[in-house]
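Novice: Have a look at this one.
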Amino acid sequence: MKQLIQRAILVGVNQNHQADFDYSMEELGNLAEACAVEVAGMVTQNLQKVTSSHYIGTGKIQEVIAALEAHEANIVIFNDELSPSQIRNLEADLQCKVIDRTILILDIFAQRAKTKEAQLQVEVAQLQYMLPRLIGLRESLGRQGGGVGTKNKGVGETKLELDRRRIEEKINILNKELEALVAHRQTQRKQRKKNAVPVVSLVGYTNAGKSTIMNALVEKFNPTAAKQVFEKDMLFATLETSIRSIPLPDNKSFLLTDTVGFVSKLPHHLVNAFRSTLEEVAEADLLIHVVDNSNPNHEQHIDITNNTLKDIGVQGITTIYAYNKSDRIELAIPSVQGDCIYLAAKPRIGIDELVGVIRKHIFTDYVECEMMIPYDKGNLVSYFNEHANIRDTSYENDGTKLVLECRATDYERYQEYIIR
């Protein structure tokens, strides 16, 4: 983004007295700041429904113009996705750059995307957003000294058709590249299923602390610095799906995946583009819904996350709630109440308790038994030492006697050696 100082006026319409309207405006300000845009002022309006031509009522346009002048602002950011004609009309009247919540979120995603897949997904979403808005964007880009040129209209329209075709071709090319990456990930997922390693997925609102929880678990059970995932106190720090193996001391292990955080009014272009990444969640055996317990709006965050998961078809997966950042409020932690755990990942309070709750849900198919393994089957003893929880080993006349806890599949497979 250019180092030009961007000062914005935020504009929102509260339709039919939405309960979360104030919060969505506050969040719009946070999104703007995440894009290095300074928020200079705010204009809101209560309406039954948005005005089809300008989103806000024509009287409010004058108020926005006055706010632009008073705060020397140069951009207006709207709290909802604007139609192409609304962008065109607003820019003509306000004589400045107009953007909406969707393009703001797309912009943040574009800045944060690090992997090839995330970059392709963001680009597809941006192009799909641009396609119906070419005329409005063209006028916005061509704005010289505030005036919009209308000469050579015919030529412009031909150019527009060309642009549209180019964008559609580009979307097709990018989607083909994405398909190849998705196929690769599906192969990896099949392999993981074959290995019967349980998958636990972290989900939640953006900036709830998913990556911090992941790093806390990695640090405790798999402490190699290279395994740490990026964490920062900002919106959408994580766009890539990170997968880490968490080996527990009793030879049980699970895979932990960290996904992109959600936000209210997450653009449908983005949900579609990131669908393949979000599908990782659908394959999980257990979800850990991470909640920022110190945020006064955390109940709304829970609803938004659950609704987004429903939108992408993630339903019926056992979920435990990790109320993170509980050290910031008056609460005795760690505390476990059924499938809810109150913890603080940053200072590493409650990590053992979290693992205890995870264990309860994902290692239900383990069987305790005793086996007598003949001495000529020493490779089996090695296998169980690696893949089971050995309670006791003794050497008898007939072979090695193991008292162990193993997976039900291994119990079935090695029936002939079971003595109890």
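Identifiers for the structure tokens are assigned positionally: chains receive A, B, ... in sequence, residues are indexed from 1 per chain, and ligands are indexed from 1 in the order shown.
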Compile the contact shell of stretch 390-400 of chain A as an mmCIF file with all heavy atoms, in the first residue's frame: residues with an atom at most 9 Å away, counting only C-alpha atoms, same-chain residues fewer than 3 positions apart removed.
Specialist:
```
data_model
loop_
_atom_site.group_PDB
_atom_site.id
_atom_site.type_symbol
_atom_site.label_atom_id
_atom_site.label_comp_id
_atom_site.auth_asym_id
_atom_site.auth_seq_id
_atom_site.Cartn_x
_atom_site.Cartn_y
_atom_site.Cartn_z
ATOM 1 N N ASP A 250 2.462 -40.488 26.340
ATOM 2 C CA ASP A 250 2.096 -41.913 26.383
ATOM 3 C C ASP A 250 1.937 -42.515 24.982
ATOM 4 O O ASP A 250 1.150 -43.443 24.776
ATOM 5 C CB ASP A 250 0.816 -42.101 27.201
ATOM 6 C CG ASP A 250 -0.349 -41.281 26.645
ATOM 7 O OD1 ASP A 250 -0.129 -40.547 25.656
ATOM 8 O OD2 ASP A 250 -1.471 -41.362 27.186
ATOM 9 N N ASN A 251 2.713 -41.968 24.033
ATOM 10 C CA ASN A 251 2.713 -42.480 22.651
ATOM 11 C C ASN A 251 1.407 -42.279 21.908
ATOM 12 O O ASN A 251 1.174 -42.878 20.868
ATOM 13 C CB ASN A 251 3.090 -43.968 22.589
ATOM 14 C CG ASN A 251 4.593 -44.151 22.595
ATOM 15 O OD1 ASN A 251 5.312 -43.180 22.370
ATOM 16 N ND2 ASN A 251 5.056 -45.346 22.858
ATOM 17 N N MET A 371 -0.505 -58.757 26.375
ATOM 18 C CA MET A 371 -0.098 -59.560 25.220
ATOM 19 C C MET A 371 1.171 -60.339 25.543
ATOM 20 O O MET A 371 2.029 -59.858 26.286
ATOM 21 C CB MET A 371 0.187 -58.645 24.016
ATOM 22 C CG MET A 371 -1.019 -58.048 23.368
ATOM 23 S SD MET A 371 -0.549 -57.218 21.822
ATOM 24 C CE MET A 371 -2.092 -56.462 21.364
ATOM 25 N N MET A 372 1.244 -61.519 24.960
ATOM 26 C CA MET A 372 2.485 -62.309 25.040
ATOM 27 C C MET A 372 3.032 -62.398 23.614
ATOM 28 O O MET A 372 2.401 -62.986 22.736
ATOM 29 C CB MET A 372 2.188 -63.713 25.586
ATOM 30 C CG MET A 372 3.445 -64.558 25.748
ATOM 31 S SD MET A 372 4.496 -63.963 27.106
ATOM 32 C CE MET A 372 3.580 -64.535 28.534
ATOM 33 N N ILE A 373 4.188 -61.776 23.401
ATOM 34 C CA ILE A 373 4.731 -61.726 22.045
ATOM 35 C C ILE A 373 5.981 -62.611 21.970
ATOM 36 O O ILE A 373 6.955 -62.384 22.710
ATOM 37 C CB ILE A 373 5.043 -60.269 21.643
ATOM 38 C CG1 ILE A 373 3.709 -59.510 21.617
ATOM 39 C CG2 ILE A 373 5.742 -60.198 20.293
ATOM 40 C CD1 ILE A 373 3.797 -58.048 21.405
ATOM 41 N N PRO A 374 5.949 -63.631 21.096
ATOM 42 C CA PRO A 374 7.098 -64.549 20.991
ATOM 43 C C PRO A 374 8.393 -63.787 20.695
ATOM 44 O O PRO A 374 8.375 -62.726 20.066
ATOM 45 C CB PRO A 374 6.718 -65.450 19.809
ATOM 46 C CG PRO A 374 5.239 -65.290 19.647
ATOM 47 C CD PRO A 374 4.893 -63.932 20.140
ATOM 48 N N TYR A 375 9.496 -64.374 21.184
ATOM 49 C CA TYR A 375 10.789 -63.676 21.014
ATOM 50 C C TYR A 375 11.167 -63.468 19.547
ATOM 51 O O TYR A 375 11.898 -62.547 19.219
ATOM 52 C CB TYR A 375 11.897 -64.434 21.768
ATOM 53 C CG TYR A 375 11.764 -64.251 23.267
ATOM 54 C CD1 TYR A 375 11.573 -65.348 24.108
ATOM 55 C CD2 TYR A 375 11.832 -62.982 23.829
ATOM 56 C CE1 TYR A 375 11.434 -65.174 25.480
ATOM 57 C CE2 TYR A 375 11.688 -62.799 25.202
ATOM 58 C CZ TYR A 375 11.492 -63.888 26.028
ATOM 59 O OH TYR A 375 11.358 -63.706 27.373
ATOM 60 N N ASP A 376 10.649 -64.357 18.647
ATOM 61 C CA ASP A 376 11.006 -64.163 17.229
ATOM 62 C C ASP A 376 10.158 -63.072 16.568
ATOM 63 O O ASP A 376 10.286 -62.808 15.384
ATOM 64 C CB ASP A 376 10.907 -65.492 16.452
ATOM 65 C CG ASP A 376 9.481 -66.046 16.444
ATOM 66 O OD1 ASP A 376 8.658 -65.538 17.244
ATOM 67 O OD2 ASP A 376 9.197 -66.963 15.653
ATOM 68 N N LYS A 377 9.261 -62.447 17.353
ATOM 69 C CA LYS A 377 8.439 -61.337 16.812
ATOM 70 C C LYS A 377 8.847 -60.019 17.487
ATOM 71 O O LYS A 377 8.014 -59.193 17.853
ATOM 72 C CB LYS A 377 6.943 -61.588 17.074
ATOM 73 C CG LYS A 377 6.401 -62.844 16.441
ATOM 74 C CD LYS A 377 6.052 -62.624 14.988
ATOM 75 C CE LYS A 377 5.314 -63.827 14.443
ATOM 76 N NZ LYS A 377 5.615 -64.112 13.047
ATOM 77 N N GLY A 378 10.137 -59.850 17.655
ATOM 78 C CA GLY A 378 10.664 -58.646 18.329
ATOM 79 C C GLY A 378 10.233 -57.339 17.669
ATOM 80 O O GLY A 378 10.076 -56.311 18.347
ATOM 81 N N VAL A 381 7.178 -55.906 19.315
ATOM 82 C CA VAL A 381 7.445 -55.208 20.580
ATOM 83 C C VAL A 381 7.876 -53.774 20.275
ATOM 84 O O VAL A 381 7.407 -52.818 20.899
ATOM 85 C CB VAL A 381 8.529 -55.956 21.407
ATOM 86 C CG1 VAL A 381 8.861 -55.184 22.682
ATOM 87 C CG2 VAL A 381 8.062 -57.368 21.748
ATOM 88 N N PHE A 384 4.823 -51.728 19.240
ATOM 89 C CA PHE A 384 3.974 -51.289 20.358
ATOM 90 C C PHE A 384 4.672 -50.249 21.235
ATOM 91 O O PHE A 384 4.019 -49.369 21.784
ATOM 92 C CB PHE A 384 3.488 -52.486 21.184
ATOM 93 C CG PHE A 384 2.371 -53.237 20.509
ATOM 94 C CD1 PHE A 384 2.522 -54.560 20.110
ATOM 95 C CD2 PHE A 384 1.160 -52.603 20.239
ATOM 96 C CE1 PHE A 384 1.486 -55.234 19.461
ATOM 97 C CE2 PHE A 384 0.120 -53.269 19.593
ATOM 98 C CZ PHE A 384 0.280 -54.583 19.202
ATOM 99 N N ASN A 385 5.979 -50.367 21.351
ATOM 100 C CA ASN A 385 6.712 -49.341 22.113
ATOM 101 C C ASN A 385 6.552 -47.969 21.486
ATOM 102 O O ASN A 385 6.579 -46.954 22.158
ATOM 103 C CB ASN A 385 8.204 -49.695 22.214
ATOM 104 C CG ASN A 385 8.468 -50.607 23.400
ATOM 105 O OD1 ASN A 385 7.940 -50.380 24.488
ATOM 106 N ND2 ASN A 385 9.248 -51.660 23.183
ATOM 107 N N VAL A 403 1.911 -55.267 29.203
ATOM 108 C CA VAL A 403 0.637 -54.743 29.706
ATOM 109 C C VAL A 403 0.512 -53.375 29.043
ATOM 110 O O VAL A 403 1.364 -52.502 29.241
ATOM 111 C CB VAL A 403 0.644 -54.605 31.249
ATOM 112 C CG1 VAL A 403 -0.686 -54.028 31.727
ATOM 113 C CG2 VAL A 403 0.926 -55.954 31.902
ATOM 114 N N LEU A 404 -0.509 -53.201 28.225
ATOM 115 C CA LEU A 404 -0.523 -51.989 27.400
ATOM 116 C C LEU A 404 -1.925 -51.460 27.133
ATOM 117 O O LEU A 404 -2.924 -52.143 27.381
ATOM 118 C CB LEU A 404 0.205 -52.253 26.079
ATOM 119 C CG LEU A 404 -0.518 -53.087 24.995
ATOM 120 C CD1 LEU A 404 0.145 -52.851 23.654
ATOM 121 C CD2 LEU A 404 -0.478 -54.569 25.306
ATOM 122 N N GLU A 405 -1.934 -50.240 26.598
ATOM 123 C CA GLU A 405 -3.168 -49.603 26.124
ATOM 124 C C GLU A 405 -2.895 -49.329 24.649
ATOM 125 O O GLU A 405 -1.949 -48.611 24.311
ATOM 126 C CB GLU A 405 -3.370 -48.296 26.898
ATOM 127 C CG GLU A 405 -4.697 -47.634 26.645
ATOM 128 C CD GLU A 405 -4.765 -46.215 27.230
ATOM 129 O OE1 GLU A 405 -3.720 -45.647 27.590
ATOM 130 O OE2 GLU A 405 -5.879 -45.683 27.289
ATOM 131 N N CYS A 406 -3.705 -49.922 23.773
ATOM 132 C CA CYS A 406 -3.433 -49.747 22.336
ATOM 133 C C CYS A 406 -4.723 -49.379 21.610
ATOM 134 O O CYS A 406 -5.822 -49.479 22.152
ATOM 135 C CB CYS A 406 -2.835 -51.018 21.743
ATOM 136 S SG CYS A 406 -3.985 -52.416 21.740
#
```
Novice: Work out how far apart atom CA of A:Ile108 and atom CA of A:Cys35 are and give it in Å to one decimal.
Specialist: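 Pair atom CA of A:Ile108 / atom CA of A:Cys35 returns 6.1 Å.
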Novice: Return the single residue from A:Cys340, A:Val260, A:Val39, A:Leu217 that is closest to A:Arg244, with distances computed using only C-alpha atoms.
Specialist: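 The answer is A:Leu217, which sits nearest to A:Arg244.
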Novice: Work out how far apart atom CA of A:Leu82 and atom CA of A:Arg133 are and give it in Å to one decimal.
Specialist: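 A separation of 9.5 Å between them.
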Novice: Residues at most 10 Å from A:Gly29, counting only C-alpha atoms, excluding those fewer than 3 positions away in the same chain, as a PyMOL selection string?
Specialist: chain A and resi 8-10+23-26+32-35+37-42+77+79
Novice: Would you write out those residues with all heavy atoms, as a CSV table (one decimal), in the first residue's frame?
Specialist:
```csv
chain,number,residue,atom,x,y,z
A,8,ALA,N,-9.8,8.5,6.8
A,8,ALA,CA,-11.2,8.0,6.4
A,8,ALA,C,-12.3,8.4,7.3
A,8,ALA,O,-12.2,8.6,8.5
A,8,ALA,CB,-11.2,6.5,6.3
A,9,ILE,N,-13.5,8.6,6.6
A,9,ILE,CA,-14.7,8.8,7.3
A,9,ILE,C,-15.5,7.4,7.2
A,9,ILE,O,-15.6,6.9,6.1
A,9,ILE,CB,-15.6,9.9,6.7
A,9,ILE,CG1,-14.8,11.2,6.7
A,9,ILE,CG2,-16.9,10.0,7.4
A,9,ILE,CD1,-14.5,11.8,8.1
A,10,LEU,N,-15.9,6.9,8.3
A,10,LEU,CA,-16.6,5.6,8.3
A,10,LEU,C,-18.1,5.9,8.2
A,10,LEU,O,-18.6,6.8,8.8
A,10,LEU,CB,-16.4,4.8,9.5
A,10,LEU,CG,-14.9,4.5,9.9
A,10,LEU,CD1,-14.8,3.6,11.1
A,10,LEU,CD2,-14.1,3.8,8.7
A,23,TYR,N,-21.0,-2.4,17.4
A,23,TYR,CA,-19.8,-3.2,17.4
A,23,TYR,C,-19.3,-3.4,16.0
A,23,TYR,O,-18.1,-3.3,15.7
A,23,TYR,CB,-20.1,-4.6,18.0
A,23,TYR,CG,-18.8,-5.4,17.9
A,23,TYR,CD1,-17.7,-5.1,18.6
A,23,TYR,CD2,-18.8,-6.5,17.1
A,23,TYR,CE1,-16.5,-5.8,18.5
A,23,TYR,CE2,-17.6,-7.2,16.9
A,23,TYR,CZ,-16.5,-6.9,17.6
A,23,TYR,OH,-15.3,-7.6,17.5
A,24,SER,N,-20.2,-3.5,15.0
A,24,SER,CA,-19.7,-3.7,13.6
A,24,SER,C,-19.1,-2.4,13.1
A,24,SER,O,-18.1,-2.5,12.3
A,24,SER,CB,-20.9,-4.2,12.7
A,24,SER,OG,-21.6,-3.1,12.3
A,25,MET,N,-19.5,-1.3,13.6
A,25,MET,CA,-18.8,0.0,13.2
A,25,MET,C,-17.4,0.1,13.9
A,25,MET,O,-16.5,0.5,13.2
A,25,MET,CB,-19.7,1.2,13.6
A,25,MET,CG,-20.9,1.4,12.8
A,25,MET,SD,-20.6,1.6,11.0
A,25,MET,CE,-19.8,3.2,10.9
A,26,GLU,N,-17.4,-0.4,15.1
A,26,GLU,CA,-16.1,-0.4,15.8
A,26,GLU,C,-15.1,-1.3,15.1
A,26,GLU,O,-13.9,-1.0,14.9
A,26,GLU,CB,-16.3,-0.8,17.3
A,26,GLU,CG,-15.1,-0.8,18.2
A,26,GLU,CD,-15.4,-1.6,19.5
A,26,GLU,OE1,-16.5,-1.4,20.0
A,26,GLU,OE2,-14.4,-2.3,19.9
A,32,ALA,N,-10.0,-0.9,9.2
A,32,ALA,CA,-9.3,0.3,8.5
A,32,ALA,C,-7.9,0.4,9.0
A,32,ALA,O,-7.0,0.6,8.3
A,32,ALA,CB,-10.2,1.5,8.7
A,33,GLU,N,-7.8,0.4,10.4
A,33,GLU,CA,-6.5,0.6,11.0
A,33,GLU,C,-5.5,-0.6,10.6
A,33,GLU,O,-4.3,-0.3,10.4
A,33,GLU,CB,-6.6,0.7,12.5
A,33,GLU,CG,-6.9,2.1,12.9
A,33,GLU,CD,-7.6,2.2,14.3
A,33,GLU,OE1,-7.5,1.3,15.1
A,33,GLU,OE2,-8.3,3.2,14.5
A,34,ALA,N,-6.1,-1.8,10.4
A,34,ALA,CA,-5.2,-2.9,10.0
A,34,ALA,C,-4.7,-2.7,8.5
A,34,ALA,O,-3.8,-3.3,8.1
A,34,ALA,CB,-6.0,-4.2,10.0
A,35,CYS,N,-5.4,-1.8,7.8
A,35,CYS,CA,-5.0,-1.4,6.4
A,35,CYS,C,-4.2,-0.1,6.5
A,35,CYS,O,-4.0,0.5,5.4
A,35,CYS,CB,-6.2,-1.2,5.6
A,35,CYS,SG,-6.5,-2.7,4.6
A,37,VAL,N,-5.0,2.8,7.6
A,37,VAL,CA,-5.9,3.9,7.3
A,37,VAL,C,-6.3,4.6,8.6
A,37,VAL,O,-6.7,3.9,9.5
A,37,VAL,CB,-7.2,3.5,6.5
A,37,VAL,CG1,-8.1,4.7,6.3
A,37,VAL,CG2,-6.8,2.9,5.1
A,38,GLU,N,-6.1,5.9,8.7
A,38,GLU,CA,-6.4,6.6,9.9
A,38,GLU,C,-7.9,6.9,9.9
A,38,GLU,O,-8.4,7.5,8.9
A,38,GLU,CB,-5.6,7.9,9.9
A,38,GLU,CG,-5.6,8.6,11.2
A,38,GLU,CD,-4.9,10.0,11.1
A,38,GLU,OE1,-3.9,10.1,10.4
A,38,GLU,OE2,-5.5,11.0,11.6
A,39,VAL,N,-8.6,6.6,11.0
A,39,VAL,CA,-10.0,6.9,11.1
A,39,VAL,C,-10.2,8.3,11.6
A,39,VAL,O,-9.8,8.5,12.8
A,39,VAL,CB,-10.8,5.8,11.9
A,39,VAL,CG1,-12.3,6.2,12.1
A,39,VAL,CG2,-10.7,4.4,11.3
A,40,ALA,N,-10.8,9.2,10.8
A,40,ALA,CA,-11.0,10.6,11.3
A,40,ALA,C,-12.3,10.9,11.8
A,40,ALA,O,-12.5,11.8,12.6
A,40,ALA,CB,-10.6,11.5,10.1
A,41,GLY,N,-13.4,10.2,11.3
A,41,GLY,CA,-14.7,10.5,11.8
A,41,GLY,C,-15.7,9.4,11.4
A,41,GLY,O,-15.3,8.4,10.7
A,42,MET,N,-16.9,9.5,11.8
A,42,MET,CA,-18.0,8.5,11.6
A,42,MET,C,-19.3,9.1,11.4
A,42,MET,O,-19.7,10.1,12.0
A,42,MET,CB,-18.0,7.6,12.8
A,42,MET,CG,-18.9,6.3,12.6
A,42,MET,SD,-19.1,5.4,14.1
A,42,MET,CE,-17.4,4.7,14.3
A,77,ILE,N,-15.3,5.0,3.9
A,77,ILE,CA,-15.4,3.5,4.0
A,77,ILE,C,-16.8,3.2,4.5
A,77,ILE,O,-17.2,3.6,5.5
A,77,ILE,CB,-14.3,2.9,4.9
A,77,ILE,CG1,-12.9,3.4,4.4
A,77,ILE,CG2,-14.4,1.4,4.9
A,77,ILE,CD1,-11.8,3.0,5.4
A,79,ASN,N,-19.8,0.4,5.6
A,79,ASN,CA,-19.8,-0.8,6.5
A,79,ASN,C,-20.4,-2.0,5.8
A,79,ASN,O,-20.4,-3.1,6.4
A,79,ASN,CB,-20.6,-0.5,7.8
A,79,ASN,CG,-20.4,-1.5,8.8
A,79,ASN,OD1,-19.3,-2.1,8.8
A,79,ASN,ND2,-21.3,-1.7,9.7
```
Novice: Please identify which residues in stretch 187-225 of chain A DSSP calls alpha helix (DSSP H) from the backbone, and express them as a PyMOL selection string.
Specialist: chain A and resi 187-194+210-221
Novice: A:Ile167: which residues within 8 Å, counting only C-alpha atoms, same-chain residues fewer than 3 positions away excluded, as number ranges by chain?
Specialist: A: 127, 131, 163-164, 170-171
Novice: For the residues in the current selection, export all heavy atoms as a PDB file, in the first residue's frame.
Specialist:
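The resulting file, part09.pdb, is shown below:
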```
ATOM      1  N   LEU A 127     -10.667 -10.532  -7.833  1.00  0.00           N
ATOM      2  CA  LEU A 127     -11.131 -10.430  -9.225  1.00  0.00           C
ATOM      3  C   LEU A 127     -12.636 -10.630  -9.322  1.00  0.00           C
ATOM      4  O   LEU A 127     -13.324  -9.941 -10.081  1.00  0.00           O
ATOM      5  CB  LEU A 127     -10.394 -11.451 -10.105  1.00  0.00           C
ATOM      6  CG  LEU A 127      -8.897 -11.182 -10.339  1.00  0.00           C
ATOM      7  CD1 LEU A 127      -8.236 -12.382 -11.008  1.00  0.00           C
ATOM      8  CD2 LEU A 127      -8.673  -9.937 -11.184  1.00  0.00           C
ATOM      9  N   LEU A 131     -15.173  -7.799 -10.919  1.00  0.00           N
ATOM     10  CA  LEU A 131     -15.854  -8.051 -12.189  1.00  0.00           C
ATOM     11  C   LEU A 131     -17.112  -7.205 -12.405  1.00  0.00           C
ATOM     12  O   LEU A 131     -17.188  -6.469 -13.394  1.00  0.00           O
ATOM     13  CB  LEU A 131     -16.165  -9.552 -12.294  1.00  0.00           C
ATOM     14  CG  LEU A 131     -16.324 -10.119 -13.694  1.00  0.00           C
ATOM     15  CD1 LEU A 131     -15.174  -9.751 -14.604  1.00  0.00           C
ATOM     16  CD2 LEU A 131     -16.469 -11.625 -13.641  1.00  0.00           C
ATOM     17  N   ASP A 163     -11.633  -5.935 -20.773  1.00  0.00           N
ATOM     18  CA  ASP A 163     -11.196  -6.107 -19.384  1.00  0.00           C
ATOM     19  C   ASP A 163     -11.963  -7.240 -18.713  1.00  0.00           C
ATOM     20  O   ASP A 163     -11.398  -8.056 -18.008  1.00  0.00           O
ATOM     21  CB  ASP A 163     -11.421  -4.814 -18.568  1.00  0.00           C
ATOM     22  CG  ASP A 163     -10.389  -3.748 -18.927  1.00  0.00           C
ATOM     23  OD1 ASP A 163      -9.479  -4.066 -19.711  1.00  0.00           O
ATOM     24  OD2 ASP A 163     -10.504  -2.614 -18.424  1.00  0.00           O
ATOM     25  N   ARG A 164     -13.264  -7.252 -18.982  1.00  0.00           N
ATOM     26  CA  ARG A 164     -14.114  -8.269 -18.355  1.00  0.00           C
ATOM     27  C   ARG A 164     -13.674  -9.662 -18.791  1.00  0.00           C
ATOM     28  O   ARG A 164     -13.558 -10.570 -17.977  1.00  0.00           O
ATOM     29  CB  ARG A 164     -15.566  -8.004 -18.758  1.00  0.00           C
ATOM     30  CG  ARG A 164     -16.548  -8.816 -17.965  1.00  0.00           C
ATOM     31  CD  ARG A 164     -17.954  -8.278 -18.110  1.00  0.00           C
ATOM     32  NE  ARG A 164     -18.205  -7.145 -17.243  1.00  0.00           N
ATOM     33  CZ  ARG A 164     -18.807  -6.028 -17.623  1.00  0.00           C
ATOM     34  NH1 ARG A 164     -19.212  -5.900 -18.862  1.00  0.00           N
ATOM     35  NH2 ARG A 164     -19.013  -5.052 -16.773  1.00  0.00           N
ATOM     36  N   LYS A 170      -8.466 -14.839 -16.400  1.00  0.00           N
ATOM     37  CA  LYS A 170      -7.519 -14.884 -15.279  1.00  0.00           C
ATOM     38  C   LYS A 170      -8.102 -15.710 -14.123  1.00  0.00           C
ATOM     39  O   LYS A 170      -7.403 -16.537 -13.526  1.00  0.00           O
ATOM     40  CB  LYS A 170      -7.239 -13.441 -14.822  1.00  0.00           C
ATOM     41  CG  LYS A 170      -6.275 -13.309 -13.667  1.00  0.00           C
ATOM     42  CD  LYS A 170      -4.834 -13.271 -14.141  1.00  0.00           C
ATOM     43  CE  LYS A 170      -3.929 -12.911 -12.975  1.00  0.00           C
ATOM     44  NZ  LYS A 170      -2.632 -13.408 -13.005  1.00  0.00           N
ATOM     45  N   ILE A 171      -9.405 -15.518 -13.832  1.00  0.00           N
ATOM     46  CA  ILE A 171     -10.048 -16.285 -12.752  1.00  0.00           C
ATOM     47  C   ILE A 171      -9.979 -17.784 -13.076  1.00  0.00           C
ATOM     48  O   ILE A 171      -9.661 -18.601 -12.205  1.00  0.00           O
ATOM     49  CB  ILE A 171     -11.518 -15.836 -12.545  1.00  0.00           C
ATOM     50  CG1 ILE A 171     -11.558 -14.430 -11.909  1.00  0.00           C
ATOM     51  CG2 ILE A 171     -12.278 -16.827 -11.655  1.00  0.00           C
ATOM     52  CD1 ILE A 171     -12.944 -13.785 -11.828  1.00  0.00           C
TER      53      ILE A 171
END
```
Novice: With only C-alpha atoms as the counted atoms, please give the residues lying no more than 9 Å from stretch 350-363 of chain A, apart from itself and same-chain residues fewer than 2 positions off, as an NGL selection string.
Specialist: :A and (198-200 or 213 or 216-217 or 220 or 252 or 254 or 285-286 or 288 or 318 or 320 or 322 or 333-336 or 338-345 or 348 or 365-366 or 407)
Novice: Which residue gives the smallest distance to A:Val122 among A:Gln45, A:Asn295, A:Asn272, A:Thr259, with only C-alpha atoms counted?
Specialist: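 Of A:Gln45, A:Asn295, A:Asn272, A:Thr259, the one nearest A:Val122, counting only C-alpha atoms, is A:Asn272.
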Novice: Need to verify the contact set: A:Gln15, 7 Å, only C-alpha atoms, exclusion of same-chain residues closer than 2 positions in sequence. Can you return it as an mmCIF file with all heavy atoms, in the first residue's frame?
Specialist:
```cif
data_model
loop_
_atom_site.group_PDB
_atom_site.id
_atom_site.type_symbol
_atom_site.label_atom_id
_atom_site.label_comp_id
_atom_site.auth_asym_id
_atom_site.auth_seq_id
_atom_site.Cartn_x
_atom_site.Cartn_y
_atom_site.Cartn_z
ATOM 1 N N VAL A 13 -25.080 2.096 7.937
ATOM 2 C CA VAL A 13 -26.532 2.207 8.069
ATOM 3 C C VAL A 13 -27.001 1.135 9.048
ATOM 4 O O VAL A 13 -26.709 -0.058 8.873
ATOM 5 C CB VAL A 13 -27.228 2.018 6.699
ATOM 6 C CG1 VAL A 13 -28.733 1.811 6.882
ATOM 7 C CG2 VAL A 13 -26.982 3.232 5.812
ATOM 8 N N HIS A 17 -32.684 -1.375 13.561
ATOM 9 C CA HIS A 17 -32.135 -1.428 14.929
ATOM 10 C C HIS A 17 -31.357 -2.720 15.216
ATOM 11 O O HIS A 17 -31.703 -3.484 16.115
ATOM 12 C CB HIS A 17 -33.247 -1.252 15.969
ATOM 13 C CG HIS A 17 -34.159 -0.106 15.662
ATOM 14 N ND1 HIS A 17 -33.750 1.197 15.772
ATOM 15 C CD2 HIS A 17 -35.452 -0.057 15.220
ATOM 16 C CE1 HIS A 17 -34.748 1.997 15.415
ATOM 17 N NE2 HIS A 17 -35.786 1.266 15.062
ATOM 18 N N GLN A 18 -30.306 -2.960 14.434
ATOM 19 C CA GLN A 18 -29.466 -4.140 14.668
ATOM 20 C C GLN A 18 -28.781 -4.010 16.027
ATOM 21 O O GLN A 18 -28.182 -2.987 16.346
ATOM 22 C CB GLN A 18 -28.365 -4.239 13.602
ATOM 23 C CG GLN A 18 -28.860 -4.585 12.214
ATOM 24 C CD GLN A 18 -27.822 -4.176 11.177
ATOM 25 O OE1 GLN A 18 -27.942 -3.165 10.527
ATOM 26 N NE2 GLN A 18 -26.764 -4.958 11.063
ATOM 27 N N ASN A 46 -30.012 5.604 10.727
ATOM 28 C CA ASN A 46 -30.988 4.539 10.980
ATOM 29 C C ASN A 46 -31.984 4.512 9.823
ATOM 30 O O ASN A 46 -32.614 5.527 9.540
ATOM 31 C CB ASN A 46 -31.750 4.796 12.286
ATOM 32 C CG ASN A 46 -30.820 4.761 13.486
ATOM 33 O OD1 ASN A 46 -29.889 3.967 13.529
ATOM 34 N ND2 ASN A 46 -31.071 5.630 14.452
ATOM 35 N N LEU A 47 -32.098 3.374 9.161
ATOM 36 C CA LEU A 47 -33.037 3.241 8.044
ATOM 37 C C LEU A 47 -33.716 1.883 8.098
ATOM 38 O O LEU A 47 -33.164 0.931 8.662
ATOM 39 C CB LEU A 47 -32.291 3.350 6.698
ATOM 40 C CG LEU A 47 -31.723 4.704 6.254
ATOM 41 C CD1 LEU A 47 -30.913 4.516 4.984
ATOM 42 C CD2 LEU A 47 -32.832 5.721 6.001
ATOM 43 N N GLN A 48 -34.894 1.800 7.485
ATOM 44 C CA GLN A 48 -35.560 0.497 7.352
ATOM 45 C C GLN A 48 -34.758 -0.385 6.404
ATOM 46 O O GLN A 48 -34.530 -1.542 6.657
ATOM 47 C CB GLN A 48 -36.976 0.670 6.787
ATOM 48 C CG GLN A 48 -37.958 1.331 7.729
ATOM 49 C CD GLN A 48 -38.178 0.523 8.997
ATOM 50 O OE1 GLN A 48 -37.715 0.918 10.061
ATOM 51 N NE2 GLN A 48 -38.847 -0.618 8.887
ATOM 52 N N LYS A 49 -34.347 0.224 5.281
ATOM 53 C CA LYS A 49 -33.454 -0.483 4.351
ATOM 54 C C LYS A 49 -32.570 0.540 3.667
ATOM 55 O O LYS A 49 -32.908 1.725 3.600
ATOM 56 C CB LYS A 49 -34.221 -1.317 3.328
ATOM 57 C CG LYS A 49 -35.109 -0.560 2.367
ATOM 58 C CD LYS A 49 -35.857 -1.584 1.514
ATOM 59 C CE LYS A 49 -36.746 -0.975 0.448
ATOM 60 N NZ LYS A 49 -36.086 -0.300 -0.651
#
```
